[in-house]
$ cat upload34.csv   # CSV, C-alpha atoms
chain,number,residue,atom,x,y,z
A,1,MET,CA,59.0,41.6,21.4
A,2,GLN,CA,59.0,45.4,21.8
A,3,ASP,CA,61.4,45.8,18.9
A,4,ALA,CA,59.2,43.6,16.7
A,5,LEU,CA,56.2,45.8,17.5
A,6,GLU,CA,58.1,49.0,16.6
A,7,HIS,CA,59.1,47.4,13.4
A,8,ALA,CA,55.5,46.5,12.7
A,9,ARG,CA,54.3,50.1,13.3
A,10,THR,CA,57.0,51.4,10.9
A,11,TRP,CA,56.2,48.8,8.3
A,12,VAL,CA,52.5,49.5,8.3
A,13,ASP,CA,52.8,53.3,8.2
A,14,ALA,CA,55.1,53.0,5.1
A,15,ASP,CA,52.9,50.8,3.0
A,16,ALA,CA,49.4,50.1,1.8
A,17,PRO,CA,46.6,49.4,4.4
A,18,VAL,CA,46.4,46.0,6.0
A,19,LEU,CA,43.2,43.9,6.2
A,20,TRP,CA,43.7,41.3,8.9
A,21,LEU,CA,41.9,38.0,8.2
A,22,LEU,CA,41.0,36.1,11.3
A,23,GLY,CA,39.2,32.8,10.9
A,24,LYS,CA,39.4,29.0,10.9
A,25,THR,CA,40.7,27.0,8.0
A,26,GLN,CA,38.0,26.5,5.3
A,27,ALA,CA,36.0,29.4,6.6
A,28,GLY,CA,36.3,31.2,3.3
A,29,LYS,CA,39.2,33.6,3.7
A,30,THR,CA,40.7,32.8,0.3
A,31,SER,CA,37.4,33.2,-1.5
A,32,ILE,CA,37.1,36.7,0.0
A,33,VAL,CA,40.6,37.7,-1.1
A,34,ALA,CA,39.8,36.2,-4.6
A,35,GLU,CA,36.7,38.3,-4.8
A,36,MET,CA,38.3,41.6,-3.8
A,37,THR,CA,41.4,41.2,-6.0
A,38,GLY,CA,39.9,39.4,-9.0
A,39,GLN,CA,42.6,36.7,-8.7
A,40,GLY,CA,42.1,32.9,-8.9
A,41,HIS,CA,42.4,30.8,-5.8
A,42,ASP,CA,45.7,29.2,-7.1
A,43,GLU,CA,47.2,32.7,-7.8
A,44,ILE,CA,46.4,33.8,-4.2
A,45,GLY,CA,47.9,30.6,-2.7
A,46,ARG,CA,51.2,31.2,-4.6
A,47,GLY,CA,51.1,35.0,-3.9
A,48,TYR,CA,51.2,34.8,-0.1
A,49,ARG,CA,54.6,35.3,1.6
A,50,PRO,CA,55.3,34.1,5.2
A,51,MET,CA,55.7,36.8,7.9
A,52,THR,CA,56.0,34.5,10.9
A,53,GLN,CA,55.4,30.8,11.5
A,54,GLU,CA,51.6,31.4,11.9
A,55,SER,CA,51.0,34.4,9.7
A,56,ARG,CA,51.4,35.3,6.0
A,57,LEU,CA,50.9,38.4,3.8
A,58,TYR,CA,49.3,38.8,0.4
A,59,ALA,CA,50.0,42.2,-1.2
A,60,PHE,CA,47.8,43.3,-4.2
A,61,PRO,CA,49.0,44.2,-6.7
A,62,PRO,CA,52.5,43.0,-5.7
A,63,GLU,CA,54.4,45.6,-7.6
A,64,GLN,CA,52.6,48.6,-6.0
A,65,PRO,CA,50.1,47.4,-3.4
A,66,VAL,CA,46.8,49.0,-2.9
A,67,LEU,CA,45.8,46.7,-0.1
A,68,ARG,CA,47.5,43.9,1.9
A,69,PHE,CA,45.8,40.9,3.4
A,70,LEU,CA,47.3,39.5,6.7
A,71,ASP,CA,46.2,36.0,7.3
A,72,THR,CA,46.9,34.8,10.8
A,73,ARG,CA,46.3,31.2,9.8
A,74,GLY,CA,46.2,28.6,12.5
A,75,LEU,CA,45.6,31.1,15.3
A,76,ALA,CA,41.9,30.2,15.4
A,77,ASP,CA,42.5,26.5,15.0
A,78,SER,CA,45.2,25.7,17.6
A,79,ALA,CA,47.4,27.3,20.2
A,80,GLY,CA,50.1,27.8,17.6
A,81,ASN,CA,53.6,29.0,18.3
A,82,ASP,CA,53.4,31.8,20.9
A,83,PRO,CA,49.9,33.0,19.8
A,84,ASP,CA,49.9,36.1,22.0
A,85,TYR,CA,53.0,37.4,20.2
A,86,GLN,CA,51.5,36.6,16.8
A,87,LEU,CA,48.3,38.5,17.7
A,88,ALA,CA,50.2,41.4,19.1
A,89,LEU,CA,52.0,41.8,15.7
A,90,ALA,CA,48.7,41.5,13.8
A,91,ARG,CA,47.0,44.2,16.0
A,92,GLU,CA,49.8,46.6,15.3
A,93,GLN,CA,49.7,46.0,11.6
A,94,ALA,CA,45.9,46.0,10.9
A,95,HIS,CA,43.8,48.9,9.6
A,96,LEU,CA,40.7,46.7,9.5
A,97,LEU,CA,39.9,43.3,11.2
A,98,LEU,CA,37.9,41.0,9.0
A,99,VAL,CA,36.6,38.0,11.0
A,100,VAL,CA,35.6,35.2,8.7
A,101,LEU,CA,33.2,32.6,10.2
A,102,ARG,CA,31.0,30.0,8.6
A,103,VAL,CA,27.5,31.0,9.5
A,104,ASP,CA,26.7,27.6,11.1
A,105,ASP,CA,29.8,27.7,13.3
A,106,GLN,CA,28.9,28.5,16.9
A,107,ASP,CA,32.2,27.3,18.3
A,108,ALA,CA,34.1,30.6,18.1
A,109,LYS,CA,35.4,31.2,21.6
A,110,GLU,CA,39.0,31.5,20.5
A,111,ILE,CA,38.2,34.0,17.8
A,112,ILE,CA,35.9,36.1,20.0
A,113,GLY,CA,38.6,36.2,22.6
A,114,SER,CA,41.1,37.6,20.0
A,115,VAL,CA,38.6,40.2,18.9
A,116,GLU,CA,37.8,41.3,22.5
A,117,LEU,CA,41.5,41.7,23.3
A,118,THR,CA,42.2,43.6,20.1
A,119,ARG,CA,39.4,46.0,20.8
A,120,ARG,CA,40.5,46.6,24.3
A,121,ARG,CA,43.9,47.7,22.9
A,122,HIS,CA,42.5,49.4,19.7
A,123,ARG,CA,38.9,50.5,20.4
A,124,LYS,CA,38.5,52.3,17.1
A,125,LEU,CA,39.8,49.5,14.9
A,126,PRO,CA,37.0,48.7,12.4
A,127,VAL,CA,35.7,45.1,12.8
A,128,VAL,CA,33.8,43.4,10.0
A,129,VAL,CA,32.3,39.9,10.5
A,130,ALA,CA,31.8,37.9,7.3
A,131,GLN,CA,29.2,35.2,7.9
A,132,THR,CA,30.0,32.7,5.1
A,133,GLY,CA,28.5,29.6,3.6
A,134,LEU,CA,24.9,30.8,3.7
A,135,HIS,CA,23.7,27.8,1.6
A,136,ARG,CA,24.6,25.5,4.5
A,137,GLY,CA,21.4,26.8,6.2
A,138,TYR,CA,19.2,26.1,3.2
A,139,GLY,CA,16.7,23.3,2.7
A,140,GLU,CA,16.6,21.1,-0.3
A,141,HIS,CA,14.6,23.5,-2.4
A,142,ASP,CA,15.8,26.9,-1.0
A,143,ARG,CA,18.0,29.3,-3.0
A,144,HIS,CA,19.4,32.8,-2.5
A,145,VAL,CA,16.9,35.5,-1.9
A,146,ASP,CA,17.0,37.9,-4.8
A,147,PRO,CA,17.8,40.7,-4.6
A,148,TYR,CA,20.3,40.4,-1.7
A,149,PRO,CA,18.3,41.5,1.4
A,150,PHE,CA,20.8,41.8,4.2
A,151,ASP,CA,22.1,45.0,5.8
A,152,GLY,CA,23.8,43.6,8.9
A,153,SER,CA,21.1,44.5,11.4
A,154,ASP,CA,19.1,42.0,13.5
A,155,ASP,CA,16.3,42.5,11.0
A,156,ASP,CA,18.3,40.2,8.7
A,157,ALA,CA,16.8,37.2,10.6
A,158,ARG,CA,13.3,38.2,9.5
A,159,ARG,CA,13.8,39.0,5.8
A,160,PRO,CA,11.1,37.5,3.6
A,161,GLY,CA,12.3,34.3,1.9
A,162,VAL,CA,15.2,33.7,4.2
A,163,PRO,CA,15.1,30.0,5.4
A,164,SER,CA,14.3,29.7,9.1
A,165,GLU,CA,17.4,27.6,9.9
A,166,LEU,CA,19.7,30.2,8.3
A,167,SER,CA,17.9,33.0,10.3
A,168,ARG,CA,18.4,31.1,13.5
A,169,VAL,CA,22.1,30.3,13.2
A,170,MET,CA,22.9,33.8,11.7
A,171,LEU,CA,21.4,35.6,14.7
A,172,ALA,CA,22.9,33.2,17.2
A,173,GLN,CA,26.3,33.7,15.8
A,174,ARG,CA,26.0,37.5,16.0
A,175,LYS,CA,25.0,37.4,19.6
A,176,LEU,CA,28.5,35.9,20.3
A,177,PHE,CA,29.9,39.4,19.5
A,178,HIS,CA,27.6,41.4,21.8
A,179,ARG,CA,30.2,42.1,24.5
A,180,ILE,CA,32.9,43.3,22.1
A,181,PRO,CA,34.3,46.7,23.4
A,182,GLY,CA,34.0,49.7,21.1
A,183,PRO,CA,31.7,50.2,18.1
A,184,PRO,CA,29.7,47.1,17.2
A,185,PRO,CA,31.0,45.0,14.4
A,186,LEU,CA,29.6,45.3,10.9
A,187,PHE,CA,28.0,41.9,9.8
A,188,VAL,CA,28.1,40.8,6.1
A,189,PRO,CA,26.4,37.5,5.2
A,190,LEU,CA,28.2,36.0,2.2
A,191,ASP,CA,28.0,32.9,0.0
A,192,PHE,CA,31.1,32.8,-2.2
A,193,THR,CA,31.2,29.4,-4.1
A,194,ARG,CA,33.0,27.9,-7.0
A,195,PRO,CA,31.0,28.7,-10.2
A,196,GLU,CA,30.8,25.0,-11.1
A,197,GLN,CA,28.9,24.3,-7.9
A,198,GLY,CA,25.9,25.8,-9.6
A,199,ILE,CA,24.8,28.0,-6.7
A,200,ALA,CA,24.0,31.3,-8.4
A,201,PRO,CA,25.3,33.9,-8.2
A,202,ALA,CA,28.7,32.6,-7.1
A,203,ASP,CA,29.5,35.9,-5.3
A,204,TYR,CA,26.3,36.4,-3.3
A,205,GLY,CA,26.8,39.4,-1.0
A,206,ALA,CA,29.8,40.8,-2.8
A,207,GLU,CA,28.2,44.2,-3.3
A,208,ARG,CA,27.4,44.4,0.5
A,209,LEU,CA,31.1,43.6,1.2
A,210,TRP,CA,32.3,46.3,-1.1
A,211,ASP,CA,29.9,48.8,0.5
A,212,VAL,CA,31.3,48.0,4.0
A,213,LEU,CA,34.8,48.3,2.7
A,214,GLU,CA,34.0,51.6,1.2
A,215,GLN,CA,32.7,52.8,4.7
A,216,THR,CA,36.0,51.8,6.3
A,217,LEU,CA,38.6,52.2,3.6
A,218,PRO,CA,37.0,54.4,0.9
A,219,GLU,CA,40.2,55.1,-1.1
A,220,VAL,CA,41.2,51.5,-1.2
A,221,SER,CA,37.7,50.4,-2.2
A,222,GLU,CA,37.7,52.8,-5.1
A,223,ARG,CA,41.1,51.8,-6.4
A,224,LEU,CA,40.3,48.0,-6.2
A,225,ARG,CA,37.0,48.4,-7.9
A,226,SER,CA,38.5,50.3,-10.8
A,227,ARG,CA,40.6,47.2,-11.6
A,228,THR,CA,37.6,44.9,-12.0
A,229,ASP,CA,37.2,43.1,-15.3
A,230,VAL,CA,33.4,43.4,-15.5
A,231,PRO,CA,32.8,40.9,-18.4
A,232,ARG,CA,35.1,38.3,-16.9
A,233,THR,CA,33.4,38.7,-13.5
A,234,ILE,CA,30.0,38.3,-15.0
A,235,ARG,CA,31.0,35.2,-16.9
A,236,THR,CA,32.5,33.5,-13.8
A,237,LYS,CA,30.2,34.8,-11.1
A,238,VAL,CA,26.8,34.9,-13.0
A,239,ILE,CA,26.7,33.0,-16.3
A,240,LEU,CA,28.7,29.9,-15.3
A,241,PRO,CA,26.9,29.2,-12.0
A,242,TRP,CA,23.5,29.9,-13.5
A,243,ALA,CA,24.1,27.7,-16.5
A,244,THR,CA,25.3,24.9,-14.2
A,245,ALA,CA,22.2,25.4,-12.0
A,246,ALA,CA,19.8,25.4,-15.0
A,247,ALA,CA,21.4,22.2,-16.4
A,248,ALA,CA,20.9,20.5,-13.0
A,249,ALA,CA,17.3,21.7,-12.8
A,250,ASN,CA,16.5,20.5,-16.3
A,251,ALA,CA,18.1,17.1,-15.7
A,252,VAL,CA,15.3,16.2,-13.3
A,253,PRO,CA,13.7,13.1,-15.0
A,254,ALA,CA,10.1,14.4,-14.6
A,255,PRO,CA,9.2,16.4,-17.8
A,256,VAL,CA,8.0,20.1,-17.6
A,257,ILE,CA,8.9,20.5,-13.9
A,258,GLY,CA,12.6,20.7,-14.4
A,259,GLY,CA,12.1,22.7,-17.6
A,260,LEU,CA,10.1,25.4,-15.9
A,261,GLY,CA,12.9,25.6,-13.2
A,262,SER,CA,15.6,26.1,-15.8
A,263,ALA,CA,13.6,28.7,-17.7
A,264,SER,CA,13.1,30.8,-14.5
A,265,LEU,CA,16.8,30.5,-13.8
A,266,GLN,CA,17.7,31.8,-17.3
A,267,ALA,CA,15.3,34.8,-16.8
A,268,ALA,CA,16.9,35.5,-13.4
A,269,MET,CA,20.4,35.3,-14.9
A,270,VAL,CA,19.5,37.9,-17.6
A,271,SER,CA,18.1,40.2,-15.0
A,272,GLN,CA,21.3,39.9,-12.9
A,273,ILE,CA,23.5,40.6,-15.9
A,274,GLY,CA,21.5,43.8,-16.6
A,275,HIS,CA,21.8,44.7,-13.0
A,276,ARG,CA,25.5,44.2,-12.9
A,277,LEU,CA,25.8,46.6,-15.8
A,278,GLY,CA,23.9,49.4,-14.1
A,279,PHE,CA,20.2,48.7,-14.8
A,280,PRO,CA,17.6,48.4,-12.0
A,281,LEU,CA,16.9,44.8,-11.1
A,282,SER,CA,13.6,43.8,-12.7
A,283,TRP,CA,12.0,40.9,-14.7
A,284,ASP,CA,11.3,43.6,-17.3
A,285,LEU,CA,15.0,43.2,-18.4
A,286,TRP,CA,14.3,39.6,-19.5
A,287,ARG,CA,11.2,40.6,-21.5
A,288,GLU,CA,13.1,43.5,-23.1
A,289,PHE,CA,16.0,41.2,-24.0
A,290,VAL,CA,13.8,38.5,-25.5
A,291,GLY,CA,11.9,41.1,-27.4
A,292,THR,CA,15.0,42.4,-29.0
A,293,LEU,CA,16.1,38.9,-30.1
A,294,GLY,CA,12.8,38.7,-31.9
A,295,ALA,CA,10.0,36.2,-32.4
A,296,GLY,CA,12.2,33.8,-34.2
A,297,PHE,CA,14.4,33.3,-31.1
A,298,ALA,CA,11.3,33.0,-28.9
A,299,LEU,CA,9.8,30.3,-31.1
A,300,GLY,CA,13.2,28.5,-31.5
A,301,PHE,CA,13.8,28.6,-27.7
A,302,GLY,CA,10.3,27.3,-27.1
A,303,GLY,CA,10.8,24.4,-29.6
A,304,SER,CA,14.1,23.5,-27.9
A,305,TRP,CA,12.5,23.5,-24.5
A,306,ALA,CA,9.7,21.2,-25.8
A,307,ALA,CA,12.1,18.8,-27.4
A,308,GLN,CA,14.1,18.6,-24.1
A,309,GLN,CA,11.0,17.6,-22.2
A,310,LEU,CA,10.1,14.9,-24.9
A,311,LEU,CA,13.6,13.5,-24.4
A,312,LYS,CA,13.1,13.2,-20.7
A,313,ALA,CA,9.8,11.4,-21.3
A,314,GLY,CA,11.8,8.3,-22.4
A,315,LEU,CA,13.2,6.0,-19.8
A,316,GLY,CA,15.4,8.7,-18.4
A,317,TRP,CA,18.1,8.1,-20.9
A,318,GLY,CA,17.7,11.7,-22.3
A,319,THR,CA,18.5,13.6,-19.1
A,320,ALA,CA,22.3,13.8,-19.7
A,321,ILE,CA,21.7,15.1,-23.2
A,322,VAL,CA,19.1,17.6,-21.8
A,323,ALA,CA,21.6,18.8,-19.1
A,324,SER,CA,24.3,19.5,-21.8
A,325,TRP,CA,21.7,21.2,-24.0
A,326,THR,CA,20.4,23.4,-21.2
A,327,PHE,CA,23.9,24.4,-20.1
A,328,ALA,CA,24.8,25.5,-23.7
A,329,ILE,CA,21.5,27.4,-24.2
A,330,THR,CA,21.8,29.2,-20.9
A,331,TRP,CA,25.5,30.1,-21.5
A,332,ALA,CA,24.5,31.4,-25.0
A,333,ILE,CA,21.7,33.5,-23.5
A,334,GLY,CA,24.1,34.9,-20.9
A,335,GLU,CA,26.7,35.9,-23.6
A,336,ALA,CA,24.1,37.5,-25.7
A,337,ALA,CA,22.7,39.4,-22.7
A,338,LEU,CA,26.3,40.5,-21.8
A,339,TYR,CA,26.6,42.1,-25.2
A,340,TYR,CA,23.1,43.6,-25.2
A,341,PHE,CA,23.3,45.3,-21.8
A,342,GLY,CA,26.9,46.3,-22.3
A,343,GLU,CA,25.9,48.2,-25.5
A,344,LYS,CA,23.0,49.9,-23.7
A,345,ALA,CA,25.2,50.8,-20.7
A,346,ALA,CA,27.6,52.5,-23.2
A,347,GLY,CA,24.8,54.5,-24.7
A,348,ARG,CA,24.7,52.5,-27.9
A,349,GLU,CA,21.7,50.7,-29.5
A,350,PRO,CA,22.4,46.9,-29.6
A,351,ASP,CA,22.6,45.5,-33.2
A,352,ARG,CA,20.0,42.7,-33.5
A,353,GLU,CA,22.1,40.7,-36.0
A,354,ILE,CA,25.2,41.0,-33.8
A,355,LEU,CA,23.1,39.9,-30.8
A,356,ARG,CA,21.9,36.8,-32.6
A,357,ALA,CA,25.4,36.0,-33.9
A,358,ARG,CA,26.8,36.3,-30.3
A,359,TYR,CA,24.1,33.9,-29.2
A,360,HIS,CA,24.8,31.2,-31.9
A,361,ALA,CA,28.6,31.5,-31.5
A,362,ALA,CA,28.3,31.1,-27.7
A,363,LEU,CA,26.0,28.1,-28.2
A,364,ARG,CA,28.7,26.3,-30.2
A,365,GLU,CA,31.4,27.2,-27.7
A,366,ALA,CA,29.4,26.2,-24.7
A,367,ARG,CA,29.0,22.6,-25.7
A,368,GLY,CA,32.8,22.1,-25.5
A,369,ARG,CA,32.9,24.1,-22.2
A,370,TYR,CA,30.3,21.7,-20.7
A,371,LYS,CA,32.3,18.6,-21.7
A,372,THR,CA,35.4,20.1,-20.1
A,373,LEU,CA,33.5,21.0,-16.9
A,374,LYS,CA,32.0,17.5,-16.6
A,375,HIS,CA,35.4,15.9,-17.2
A,376,HIS,CA,36.9,18.0,-14.5
A,377,ASP,CA,34.1,17.1,-12.1
A,378,ASN,CA,34.5,13.3,-12.8
A,379,GLN,CA,38.2,13.5,-12.2
A,380,GLU,CA,37.7,15.2,-8.8
A,381,SER,CA,35.0,12.7,-7.8
A,382,GLN,CA,37.4,9.7,-8.4
A,383,PRO,CA,39.0,8.3,-5.2
$ encode --input "upload34.csv" --output "structure tokens"
Amino acid sequence: MQDALEHARTWVDADAPVLWLLGKTQAGKTSIVAEMTGQGHDEIGRGYRPMTQESRLYAFPPEQPVLRFLDTRGLADSAGNDPDYQLALAREQAHLLLVVLRVDDQDAKEIIGSVELTRRRHRKLPVVVAQTGLHRGYGEHDRHVDPYPFDGSDDDARRPGVPSELSRVMLAQRKLFHRIPGPPPLFVPLDFTRPEQGIAPADYGAERLWDVLEQTLPEVSERLRSRTDVPRTIRTKVILPWATAAAAANAVPAPVIGGLGSASLQAAMVSQIGHRLGFPLSWDLWREFVGTLGAGFALGFGGSWAAQQLLKAGLGWGTAIVASWTFAITWAIGEAALYYFGEKAAGREPDREILRARYHAALREARGRYKTLKHHDNQESQP
């Protein structure tokens, strides 16, 4: 075993920093790697290479790694094959320990024990606890508090707008770590979901995660962030989930109520897009954007909204059409906002004609996108 540990020390000194992922299956480890690397879940699954029977490594980018993710899969789920040996190797390799726990999971004795042992051997090793799946603590009508309110302190449980059940389980889980030796862990509440789930934004808490990474591995954080494809990220993490959520809200059979819900989601989406591109988060961004599109857009948008509500006033037969319509309109608004705030961020004045053309082109494209999305959902729901 000593030879293996010496090999681990040599290996880790020679290569990029190692982020050790410790958590149960389905806790959200792959979603975190996907967020930090900009890769798809399938790409990550194929990119891991086995290190031992119970651990695997994902290097990003593979040709010249900036960061490596060591996933000790199974160590938190079962006794595994000589877990003490596996954990000893991980401790020698890690520059940062990222514990990944679903926020509603209070059965973390094995994981806490591993963290305690690690800190007794390496008291200065940074420990970050990602509390994932926040929406599991939401009621039927709850949604993410906007802007993201958490800073990792106990005050997180008392933030305005945070559901009481989420506050309770979040704080209870943090108390499990109170006896960890060394500096206290940094807590990061997260809700990374698939965009098609319609829980917007799909990368809730990502900025907080990046900030924590910057505190612990500043050079790595800077190099990873520089690789981010901003427009693609906005489409997948903001526009798609908000369009899906707006479609679901407007598919409610009762007229007006659902429409008001989808309209507020569209306004929130535009504000988020502006914020992602460097503008202060404010509802003024929505008003500015609509004002630039002009009165013709506002009247047309209002007419479309009224027609949707009239469709729903029938015997409910119009709700599927309304959902498709709302998805397309929301996607088109998002694409237009992406152009608008992108131009302003670059110091250019957005061209109103180009802005309108982007909206109409995206509207046509979004109808096909919605059909594909629904087809995929129907296939997954079949037994």
$ atom_distance --input "upload34.csv" --atom1 "CA of Gly38 in chain A" --atom2 "CA of Ala243 in chain A"
21.0 Å
$ residues_around --input "upload34.csv" --residues "range 125-140 of chain A" --least-positions-apart "5" --cutoff "8 Å" --atoms "only C-alpha atoms" --output "PyMOL selection string"
chain A and resi 27-28+95-104+119+163+165-166+169-170+183-192+212+216
$ residues_around --input "upload34.csv" --residues "Tyr148 in chain A" --least-positions-apart "4" --cutoff "12 Å" --atoms "only C-alpha atoms" --output "list in words"
Leu134, Arg143, His144, Gly152, Asp156, Arg159, Pro160, Gly161, Val162, Val188, Pro189, Leu190, Asp191, Ala200, Pro201, Asp203, Tyr204, Gly205, Ala206, Glu207, Arg208, Leu209, Gln272 and Leu281 of chain A
$ residues_near_point --input "upload34.csv" --point "(41.5, 35.2, 4.2)" --cutoff "6 Å" --atoms "only C-alpha atoms" --output "number ranges by chain"
A: 21, 29-30, 33, 71
$ atom_distance --input "upload34.csv" --atom1 "CA of Ala16 in chain A" --atom2 "CA of Pro231 in chain A"
27.7 Å
$ residues_around --input "upload34.csv" --residues "Ala59 in chain A" --least-positions-apart "3" --cutoff "8 Å" --atoms "all atoms listed in the file" --output "list in words"
Gly47, Tyr48, Pro62, Pro65, Val66, Leu67, Arg68 and Phe69 of chain A
$ atom_distance --input "upload34.csv" --atom1 "CA of Glu335 in chain A" --atom2 "CA of Leu355 in chain A"
9.0 Å
$ closest_residue --input "upload34.csv" --among "A:Thr193, A:Thr72, A:Gln266, A:Ser153" --to "Leu87 in chain A" --atoms "all atoms listed in the file"
A:Thr72
$ closest_residue --input "upload34.csv" --among "A:Arg235, A:Thr330, A:Arg352, A:Ile32" --to "Ser264 in chain A" --atoms "all atoms listed in the file"
A:Thr330
$ residues_around --input "upload34.csv" --residues "Ala157 in chain A" --least-positions-apart "2" --cutoff "7 Å" --atoms "only C-alpha atoms" --output "ChimeraX atom specification"
/A:154-155,159,167-168,171
$ residues_around --input "upload34.csv" --residues "Tyr340 in chain A" --least-positions-apart "5" --cutoff "10 Å" --atoms "only C-alpha atoms" --output "PyMOL selection string"
chain A and resi 273-274+289+292-293+334-335+345+348-352+354-355+358
$ closest_residue --input "upload34.csv" --among "A:His41, A:Ala245, A:Asp142, A:Gln53" --to "Ser164 in chain A" --atoms "only C-alpha atoms"
A:Asp142
$ build_atoms --input "upload34.csv" --residues "range 192-211 of chain A" --atoms "N, CA and C atoms" --output "short mmCIF file (atom, residue, chain, number, x, y, z; two decimals), in the coordinates of the input"
data_model
loop_
_atom_site.label_atom_id
_atom_site.label_comp_id
_atom_site.auth_asym_id
_atom_site.auth_seq_id
_atom_site.Cartn_x
_atom_site.Cartn_y
_atom_site.Cartn_z
N PHE A 192 30.15 32.82 -1.10
CA PHE A 192 31.10 32.80 -2.20
C PHE A 192 31.35 31.29 -2.52
N THR A 193 30.99 30.84 -3.70
CA THR A 193 31.20 29.40 -4.10
C THR A 193 31.93 29.33 -5.38
N ARG A 194 32.42 28.14 -5.69
CA ARG A 194 33.00 27.90 -7.00
C ARG A 194 31.90 27.93 -8.03
N PRO A 195 32.10 28.58 -9.18
CA PRO A 195 31.00 28.70 -10.20
C PRO A 195 30.45 27.32 -10.58
N GLU A 196 31.31 26.28 -10.65
CA GLU A 196 30.80 25.00 -11.10
C GLU A 196 29.92 24.30 -10.08
N GLN A 197 29.80 24.85 -8.86
CA GLN A 197 28.90 24.30 -7.90
C GLN A 197 27.42 24.56 -8.26
N GLY A 198 27.21 25.54 -9.14
CA GLY A 198 25.90 25.80 -9.60
C GLY A 198 24.98 26.52 -8.58
N ILE A 199 25.59 27.24 -7.62
CA ILE A 199 24.80 28.00 -6.70
C ILE A 199 24.94 29.48 -7.10
N ALA A 200 23.92 29.97 -7.76
CA ALA A 200 24.00 31.30 -8.40
C ALA A 200 23.36 32.38 -7.62
N PRO A 201 23.98 33.60 -7.64
CA PRO A 201 25.30 33.90 -8.20
C PRO A 201 26.41 33.36 -7.27
N ALA A 202 27.58 33.18 -7.84
CA ALA A 202 28.70 32.60 -7.10
C ALA A 202 29.35 33.60 -6.13
N ASP A 203 28.96 34.86 -6.21
CA ASP A 203 29.50 35.90 -5.30
C ASP A 203 28.41 36.61 -4.57
N TYR A 204 27.51 35.82 -4.01
CA TYR A 204 26.30 36.40 -3.30
C TYR A 204 26.79 37.19 -2.11
N GLY A 205 26.41 38.47 -2.10
CA GLY A 205 26.80 39.40 -1.00
C GLY A 205 28.00 40.22 -1.31
N ALA A 206 28.59 40.07 -2.50
CA ALA A 206 29.80 40.80 -2.80
C ALA A 206 29.59 42.33 -2.75
N GLU A 207 28.45 42.80 -3.26
CA GLU A 207 28.20 44.20 -3.30
C GLU A 207 28.13 44.78 -1.84
N ARG A 208 27.52 44.02 -0.94
CA ARG A 208 27.40 44.40 0.50
C ARG A 208 28.86 44.51 1.06
N LEU A 209 29.70 43.54 0.72
CA LEU A 209 31.10 43.60 1.20
C LEU A 209 31.81 44.79 0.70
N TRP A 210 31.64 45.11 -0.58
CA TRP A 210 32.30 46.30 -1.10
C TRP A 210 31.76 47.56 -0.44
N ASP A 211 30.47 47.63 -0.16
CA ASP A 211 29.90 48.80 0.50
C ASP A 211 30.51 49.00 1.89
#
